[in-house]
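coords.tsv (TSV, C-alpha atoms) appears below.
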chain	number	residue	atom	x	y	z
A	1	MET	CA	244.18	115.88	44.71
A	2	SER	CA	242.98	116.72	41.20
A	3	PRO	CA	242.08	113.75	39.01
A	4	ALA	CA	244.54	112.84	36.28
A	5	PRO	CA	243.64	113.91	32.74
A	6	PRO	CA	241.51	111.27	31.04
A	7	PRO	CA	243.36	108.93	28.67
A	8	ASN	CA	241.17	110.22	25.85
A	9	ALA	CA	242.06	113.87	26.55
A	10	ALA	CA	242.84	114.55	22.88
A	11	GLU	CA	239.40	113.27	21.87
A	12	ILE	CA	237.73	115.37	24.58
A	13	LYS	CA	239.57	118.45	23.34
A	14	HIS	CA	238.32	117.70	19.84
A	15	ARG	CA	234.70	117.56	21.12
A	16	VAL	CA	235.22	120.84	22.95
A	17	ASP	CA	236.68	122.40	19.81
A	18	GLU	CA	233.55	121.34	17.90
A	19	ALA	CA	231.25	122.72	20.60
A	20	LEU	CA	233.01	126.08	20.75
A	21	HIS	CA	233.83	126.32	17.02
A	22	GLY	CA	237.57	126.52	17.55
A	23	LEU	CA	237.58	129.09	20.35
A	24	GLU	CA	241.01	129.36	21.96
A	25	LEU	CA	240.97	128.34	25.62
A	26	ALA	CA	243.11	129.44	28.54
A	27	PRO	CA	245.14	126.65	30.18
A	28	GLU	CA	243.04	126.80	33.36
A	29	GLU	CA	239.85	126.46	31.29
A	30	THR	CA	241.19	123.40	29.52
A	31	ALA	CA	242.20	121.89	32.88
A	32	GLU	CA	238.73	122.42	34.37
A	33	ILE	CA	237.02	120.91	31.32
A	34	LEU	CA	239.26	117.85	31.51
A	35	ARG	CA	238.50	117.51	35.23
A	36	PHE	CA	234.80	117.41	34.40
A	37	ALA	CA	235.43	114.80	31.71
A	38	SER	CA	237.55	112.71	34.11
A	39	GLU	CA	234.58	112.52	36.50
A	40	GLU	CA	231.70	112.02	34.08
A	41	VAL	CA	232.95	110.26	30.94
A	42	PRO	CA	234.24	107.00	32.55
A	43	HIS	CA	230.65	106.12	33.55
A	44	LEU	CA	229.85	106.05	29.84
A	45	GLN	CA	232.76	103.82	28.82
A	46	THR	CA	231.50	100.59	30.33
A	47	PRO	CA	229.65	97.60	28.80
A	48	GLU	CA	226.38	99.08	30.09
A	49	THR	CA	224.07	100.82	27.64
A	50	SER	CA	224.01	104.49	28.63
A	51	TYR	CA	221.03	106.81	28.17
A	52	LEU	CA	221.40	110.57	28.48
A	53	VAL	CA	217.96	111.90	29.50
A	54	VAL	CA	217.34	115.56	28.69
A	55	GLY	CA	214.39	117.91	29.14
A	56	SER	CA	213.17	120.58	31.51
A	57	PHE	CA	214.72	120.40	34.97
A	58	ARG	CA	212.03	122.65	36.44
A	59	SER	CA	209.01	121.53	38.46
A	60	PRO	CA	206.68	119.87	37.56
A	61	TYR	CA	208.39	118.74	34.36
A	62	VAL	CA	211.38	117.23	36.14
A	63	ARG	CA	209.07	114.56	37.56
A	64	ARG	CA	208.59	113.17	34.07
A	65	LEU	CA	212.34	113.18	33.51
A	66	ARG	CA	212.70	111.07	36.64
A	67	VAL	CA	210.02	108.66	35.45
A	68	THR	CA	211.86	108.22	32.16
A	69	GLU	CA	215.22	107.82	33.90
A	70	THR	CA	213.78	105.23	36.30
A	71	GLU	CA	212.07	103.29	33.53
A	72	LEU	CA	215.27	103.02	31.52
A	73	ASN	CA	217.27	102.02	34.59
A	74	ARG	CA	214.91	99.09	35.22
A	75	ARG	CA	216.57	97.29	32.36
A	76	PHE	CA	219.47	94.95	32.93
A	77	GLY	CA	222.86	96.43	32.08
A	78	THR	CA	221.79	100.05	31.62
A	79	TYR	CA	222.88	103.39	33.01
A	80	ALA	CA	220.35	106.20	32.52
A	81	PHE	CA	221.08	109.64	33.92
A	82	VAL	CA	219.69	113.17	33.72
A	83	LEU	CA	221.94	115.88	32.32
A	84	GLY	CA	220.86	118.34	35.02
A	85	ASP	CA	222.32	116.08	37.73
A	86	LEU	CA	225.89	116.47	36.46
A	87	ARG	CA	228.13	119.01	38.10
A	88	ASP	CA	228.82	122.26	36.34
A	89	ILE	CA	232.07	123.22	34.64
A	90	ASP	CA	233.55	126.04	36.70
A	91	VAL	CA	234.58	128.52	34.02
A	92	ASP	CA	232.72	131.83	33.94
A	93	ARG	CA	233.70	132.87	30.41
A	94	LEU	CA	232.42	129.84	28.52
A	95	PRO	CA	228.93	128.48	27.70
A	96	THR	CA	229.18	125.63	30.17
A	97	PHE	CA	225.80	124.05	29.43
A	98	ARG	CA	226.83	123.64	25.80
A	99	LEU	CA	230.15	122.12	26.86
A	100	ARG	CA	228.55	119.64	29.26
A	101	PHE	CA	226.05	118.54	26.62
A	102	TYR	CA	228.61	118.06	23.85
A	103	ILE	CA	231.05	116.14	26.03
A	104	VAL	CA	228.52	113.82	27.63
A	105	ALA	CA	226.30	113.34	24.57
A	106	SER	CA	229.33	112.34	22.52
A	107	TYR	CA	229.90	109.32	24.77
A	108	ALA	CA	226.34	108.31	25.68
A	109	ASP	CA	224.95	105.41	23.67
A	110	MET	CA	221.54	107.07	23.31
A	111	ILE	CA	219.93	110.43	23.99
A	112	VAL	CA	216.32	110.50	25.18
A	113	ALA	CA	214.56	113.87	25.16
A	114	VAL	CA	211.26	114.48	26.99
A	115	TYR	CA	209.15	117.46	25.89
A	116	GLU	CA	206.09	119.11	27.39
A	117	GLN	CA	206.47	122.73	26.29
A	118	ASP	CA	208.13	124.90	23.66
A	119	ALA	CA	210.19	127.06	26.01
A	120	GLY	CA	213.24	126.53	28.19
A	121	GLY	CA	216.63	124.90	27.77
A	122	GLU	CA	215.18	121.82	26.14
A	123	VAL	CA	214.49	123.96	23.07
A	124	THR	CA	218.20	124.28	22.35
A	125	GLU	CA	218.72	120.58	23.06
A	126	LEU	CA	216.17	119.74	20.37
A	127	GLY	CA	218.17	121.75	17.86
A	128	LYS	CA	221.35	119.87	18.78
A	129	ILE	CA	219.97	116.33	18.71
A	130	SER	CA	218.20	116.98	15.40
A	131	GLU	CA	221.57	117.28	13.69
A	132	MET	CA	224.58	115.05	13.25
A	133	PRO	CA	226.41	113.55	15.01
A	134	PHE	CA	223.66	113.15	17.65
A	135	PHE	CA	220.59	112.54	15.50
A	136	GLU	CA	221.16	108.84	14.81
A	137	ASP	CA	221.30	108.01	18.53
A	138	SER	CA	218.44	110.27	19.71
A	139	TYR	CA	214.78	109.68	20.55
A	140	VAL	CA	212.12	112.26	21.41
A	141	LEU	CA	209.14	111.75	23.73
A	142	PRO	CA	206.84	114.77	23.20
A	143	ARG	CA	203.69	115.10	25.26
A	144	ASP	CA	200.46	115.51	23.27
A	145	TYR	CA	202.30	115.52	19.94
A	146	ALA	CA	200.55	114.35	16.81
A	147	TRP	CA	201.30	115.21	13.21
A	148	MET	CA	197.87	115.95	11.84
A	149	THR	CA	198.34	114.73	8.28
A	150	ASP	CA	199.38	111.29	7.10
A	151	ARG	CA	198.92	110.04	10.65
A	152	ARG	CA	200.96	107.04	11.69
A	153	LEU	CA	198.66	105.51	14.25
A	154	GLU	CA	200.43	102.30	15.12
A	155	HIS	CA	200.36	102.56	18.93
A	156	GLU	CA	197.79	103.56	21.53
A	157	GLU	CA	200.02	106.39	22.78
A	158	ALA	CA	199.98	108.06	19.35
A	159	VAL	CA	196.19	107.72	19.10
A	160	TYR	CA	195.63	109.29	22.52
A	161	ALA	CA	198.08	112.10	21.81
A	162	ALA	CA	196.30	112.89	18.56
A	163	ALA	CA	192.93	112.85	20.36
A	164	VAL	CA	194.12	115.28	23.02
A	165	ARG	CA	195.50	117.60	20.36
A	166	LEU	CA	192.19	117.50	18.48
A	167	ALA	CA	190.16	118.21	21.60
A	168	GLY	CA	192.35	121.21	22.41
A	169	ASN	CA	192.26	122.69	18.91
A	170	PRO	CA	190.62	126.15	19.23
A	171	ASP	CA	189.75	126.18	15.53
A	172	LEU	CA	187.33	123.24	15.86
A	173	ASP	CA	183.87	123.35	17.38
A	174	ASP	CA	182.43	120.44	19.38
A	175	GLU	CA	180.77	118.84	16.36
A	176	GLN	CA	183.97	119.01	14.33
A	177	VAL	CA	186.01	117.58	17.18
A	178	GLU	CA	183.62	114.65	17.49
A	179	ALA	CA	183.81	113.97	13.75
A	180	GLU	CA	187.61	114.10	13.83
A	181	LEU	CA	187.73	111.76	16.81
A	182	GLU	CA	185.55	109.25	15.02
A	183	ARG	CA	187.82	109.43	12.01
A	184	LEU	CA	190.84	109.05	14.27
A	185	VAL	CA	189.47	105.86	15.83
A	186	GLU	CA	188.61	104.45	12.41
A	187	ASN	CA	192.19	105.06	11.23
A	188	ALA	CA	193.59	103.51	14.39
A	189	ARG	CA	191.47	100.38	14.02
A	190	ALA	CA	192.57	100.11	10.40
A	191	ASN	CA	196.11	99.91	11.78
A	192	ASP	CA	195.09	97.18	14.25
A	193	VAL	CA	195.20	99.50	17.28
A	194	ASP	CA	192.48	98.29	19.64
A	195	VAL	CA	190.88	101.55	20.84
A	196	SER	CA	187.28	102.71	20.94
A	197	LEU	CA	185.68	106.14	20.82
A	198	ASP	CA	184.84	105.75	24.52
A	199	ASP	CA	188.50	105.00	25.28
A	200	VAL	CA	189.53	108.18	23.49
A	201	ARG	CA	186.91	110.33	25.23
A	202	GLU	CA	187.95	108.95	28.61
A	203	ARG	CA	191.60	109.77	27.96
A	204	ILE	CA	190.69	113.33	26.94
A	205	GLU	CA	188.71	113.78	30.16
A	206	GLU	CA	191.60	112.44	32.25
A	207	ARG	CA	194.04	114.76	30.52
A	208	GLU	CA	191.80	117.79	31.05
A	209	GLU	CA	191.31	116.94	34.73
A	210	ALA	CA	195.05	116.55	35.23
A	211	GLY	CA	195.77	119.91	33.54
A	212	PRO	CA	197.20	121.93	32.05
A	213	ASP	CA	195.41	121.91	28.72
A	214	ALA	CA	196.94	120.14	25.77
A	215	THR	CA	200.52	121.19	25.19
A	216	THR	CA	201.09	123.57	22.29
A	217	TYR	CA	204.25	123.58	20.22
A	218	SER	CA	205.60	126.00	17.68
A	219	TRP	CA	205.70	124.99	14.02
A	220	VAL	CA	209.47	124.63	14.38
A	221	HIS	CA	209.01	122.08	17.18
A	222	LEU	CA	206.41	120.15	15.24
A	223	ASN	CA	208.72	119.91	12.24
A	224	GLU	CA	211.57	118.60	14.37
A	225	PHE	CA	209.31	116.03	16.02
A	226	ARG	CA	208.04	115.00	12.59
A	227	LEU	CA	211.61	114.35	11.43
A	228	PHE	CA	212.15	111.96	14.34
A	229	GLU	CA	208.73	110.41	13.70
A	230	LEU	CA	209.60	109.64	10.09
A	231	HIS	CA	212.70	107.83	11.37
A	232	ASP	CA	210.62	105.85	13.92
A	233	ARG	CA	212.22	107.63	16.85
A	234	CYS	CA	209.36	109.83	18.09
A	235	PHE	CA	207.12	108.30	20.77
A	236	PRO	CA	204.31	110.63	21.97
A	237	TRP	CA	202.51	110.35	25.29
A	238	THR	CA	199.70	111.99	27.25
A	239	ASP	CA	200.05	110.70	30.83
A	240	ILE	CA	202.56	108.88	33.03
A	241	ASP	CA	201.47	105.42	31.91
A	242	ASP	CA	201.89	106.46	28.28
A	243	LEU	CA	205.32	107.91	29.10
A	244	ARG	CA	206.42	104.60	30.62
A	245	SER	CA	205.17	102.75	27.55
A	246	SER	CA	206.97	105.18	25.26
A	247	ALA	CA	210.20	104.76	27.23
A	248	ASP	CA	209.85	100.98	26.92
A	249	ARG	CA	209.87	101.34	23.13
A	250	ILE	CA	213.35	102.84	23.14
A	251	PRO	CA	215.95	100.19	22.23

I need this file expressed as structure tokens, please.
Amino acid sequence: MSPAPPPNAAEIKHRVDEALHGLELAPEETAEILRFASEEVPHLQTPETSYLVVGSFRSPYVRRLRVTETELNRRFGTYAFVLGDLRDIDVDRLPTFRLRFYIVASYADMIVAVYEQDAGGEVTELGKISEMPFFEDSYVLPRDYAWMTDRRLEHEEAVYAAAVRLAGNPDLDDEQVEAELERLVENARANDVDVSLDDVRERIEEREEAGPDATTYSWVHLNEFRLFELHDRCFPWTDIDDLRSSADRIP
């Protein structure tokens, strides 16, 4: 038996209309979209705080999505889930990924996006969560991200991410990297972050051994991350422990 239309069917249709920019739907398409909403939206209409976790669903990146999902689910009264785990919407004509995202993101309390590369489906997600209505409820966790001017070094994770980016900069020779790392540690200590030059070097070595080399992002990505950073909703990381710490900083 097919599930009954959700009680908020009119609101769902409005979200779909926004996602598809007013595209006219066939009755069977509308029915299938409402079936999806009947299965997935009720989980997000409970007293629990819901976290939609997005990012690459490919290996090995999906492992970090699972770490983030698990970390958020450790909290009392939370429901964290990965977008890629939801069933598809069975309509061939329509952009179903876009529909799933708009419907679910509209009802999730928060959106948490994990980044390790500048390619793949997570690129389009970044564009969506950077704009209203999703921006105010979104957080980004980019690996190895550091804005290299006006650094906001208030947490160890940001210091280590900046160090890894410096070490992987092809435009700097070894002497310049060392000088920049020293300056980085000085700035961090000025912000009461208890790290030493040896700590930073050790983290760079660990990151290089783990591979791949420091993640590179396009200028477009860096600008989007910077926007979230200026709103105190960008938490960089370099390894799994950092990722857990960054996830813990999300409200």

How many Å separate CA of Ala80 in chain A from CA of Pro133 in chain A?
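Separation of CA of Ala80 in chain A and CA of Pro133 in chain A: 19.9 Å.
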
Distance in Å - CA of Ala26 in chain A versus CA of Leu83 in chain A:
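Distance reported for this atom pair: 25.4 Å.
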
Interatomic distance (Å, one decimal) between CA of Pro95 in chain A and CA of Val114 in chain A
22.6 Å

Among listed residues A:Ser50, A:Ser56, A:Thr68, A:Ser38, nearest Arg249 in chain A (using only C-alpha atoms)
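Counting only C-alpha atoms, the residue closest to Arg249 in chain A is A:Thr68.
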
Taking all atoms listed in the file into account, name the residue in A:Ser245, A:Asn8, A:Thr70, A:Thr49 that is nearest to Ala158 in chain A.
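Among the listed residues, the smallest separation from Ala158 in chain A belongs to A:Ser245.
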
If we count all atoms listed in the file and set the cut-off at 10 Å, which residues sit around Leu141 in chain A, ignoring sequence neighbours fewer than 6 positions away in its own chain? Please answer as a short mmCIF file (atom, residue, chain, number, x, y, z; two decimals) with C-alpha atoms, in the frame of the given file.
data_model
loop_
_atom_site.label_atom_id
_atom_site.label_comp_id
_atom_site.auth_asym_id
_atom_site.auth_seq_id
_atom_site.Cartn_x
_atom_site.Cartn_y
_atom_site.Cartn_z
CA GLY A 55 214.39 117.91 29.14
CA THR A 68 211.86 108.22 32.16
CA VAL A 112 216.32 110.50 25.18
CA ALA A 113 214.56 113.87 25.16
CA VAL A 114 211.26 114.48 26.99
CA TYR A 115 209.15 117.46 25.89
CA GLU A 116 206.09 119.11 27.39
CA PHE A 225 209.31 116.03 16.02
CA PHE A 228 212.15 111.96 14.34
CA ARG A 233 212.22 107.63 16.85
CA CYS A 234 209.36 109.83 18.09
CA PHE A 235 207.12 108.30 20.77
CA PRO A 236 204.31 110.63 21.97
CA TRP A 237 202.51 110.35 25.29
CA LEU A 243 205.32 107.91 29.10
CA SER A 246 206.97 105.18 25.26
CA ALA A 247 210.20 104.76 27.23
CA ILE A 250 213.35 102.84 23.14
#

Compile the contact shell of range 176-185 of chain A as an mmCIF file with C-alpha atoms, in the coordinates of the input: residues with an atom at most 7 Å away, counting only C-alpha atoms, same-chain residues fewer than 5 positions apart removed.
data_model
loop_
_atom_site.group_PDB
_atom_site.id
_atom_site.type_symbol
_atom_site.label_atom_id
_atom_site.label_comp_id
_atom_site.auth_asym_id
_atom_site.auth_seq_id
_atom_site.Cartn_x
_atom_site.Cartn_y
_atom_site.Cartn_z
ATOM 1 C CA ALA A 163 192.930 112.850 20.360
ATOM 2 C CA LEU A 166 192.190 117.500 18.480
ATOM 3 C CA ALA A 167 190.160 118.210 21.600
ATOM 4 C CA VAL A 195 190.880 101.550 20.840
ATOM 5 C CA SER A 196 187.280 102.710 20.940
ATOM 6 C CA LEU A 197 185.680 106.140 20.820
#

Env of Asp239 in chain A: 12 Å cut, atoms = all atoms listed in the file, seq-sep filter 6 positions within chain, self excluded. Answer as an MDAnalysis selection string.
chainID A and resid 63:64 67 116 141:144 156:158 160:161 164 203:212 214:215 245:246

Using only C-alpha atoms: which of A:Ala162, A:His14, A:Gln45, A:Phe57 has the shortest distance to Thr30 in chain A:
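With only C-alpha atoms as the atom set, the closest residue is A:His14.
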
Edge lengths and centre, in Å to one decimal, as lines of an AutoDock Vina configuration file: that's what I need for the box along x, y and z that holds all listed atoms of range 99-113 of chain A plus 4 Å on each side.
center_x = 222.8
center_y = 113.8
center_z = 25.9
size_x = 24.5
size_y = 24.7
size_z = 14.7

Give me the residues near Tyr79 in chain A as an NGL selection string, where near means some atom within 9 Å (using all atoms listed in the file) and where sequence neighbours in that chain fewer than 4 positions away do not count.
:A and (43-44 or 48-52 or 69 or 72-73 or 75)

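The shortest atom-to-atom distance to Arg244 in chain A, with all atoms listed in the file taken into account, belongs to A:Arg74 out of A:Arg74, A:Glu39, A:Ala9, A:Tyr61.
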
Nearest to Ala31 in chain A, chosen from A:Arg226, A:Lys13, A:His231, A:Arg189, with only C-alpha atoms counted in the distances
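Between A:Arg226, A:Lys13, A:His231, A:Arg189, the residue approaching Ala31 in chain A most closely is A:Lys13.
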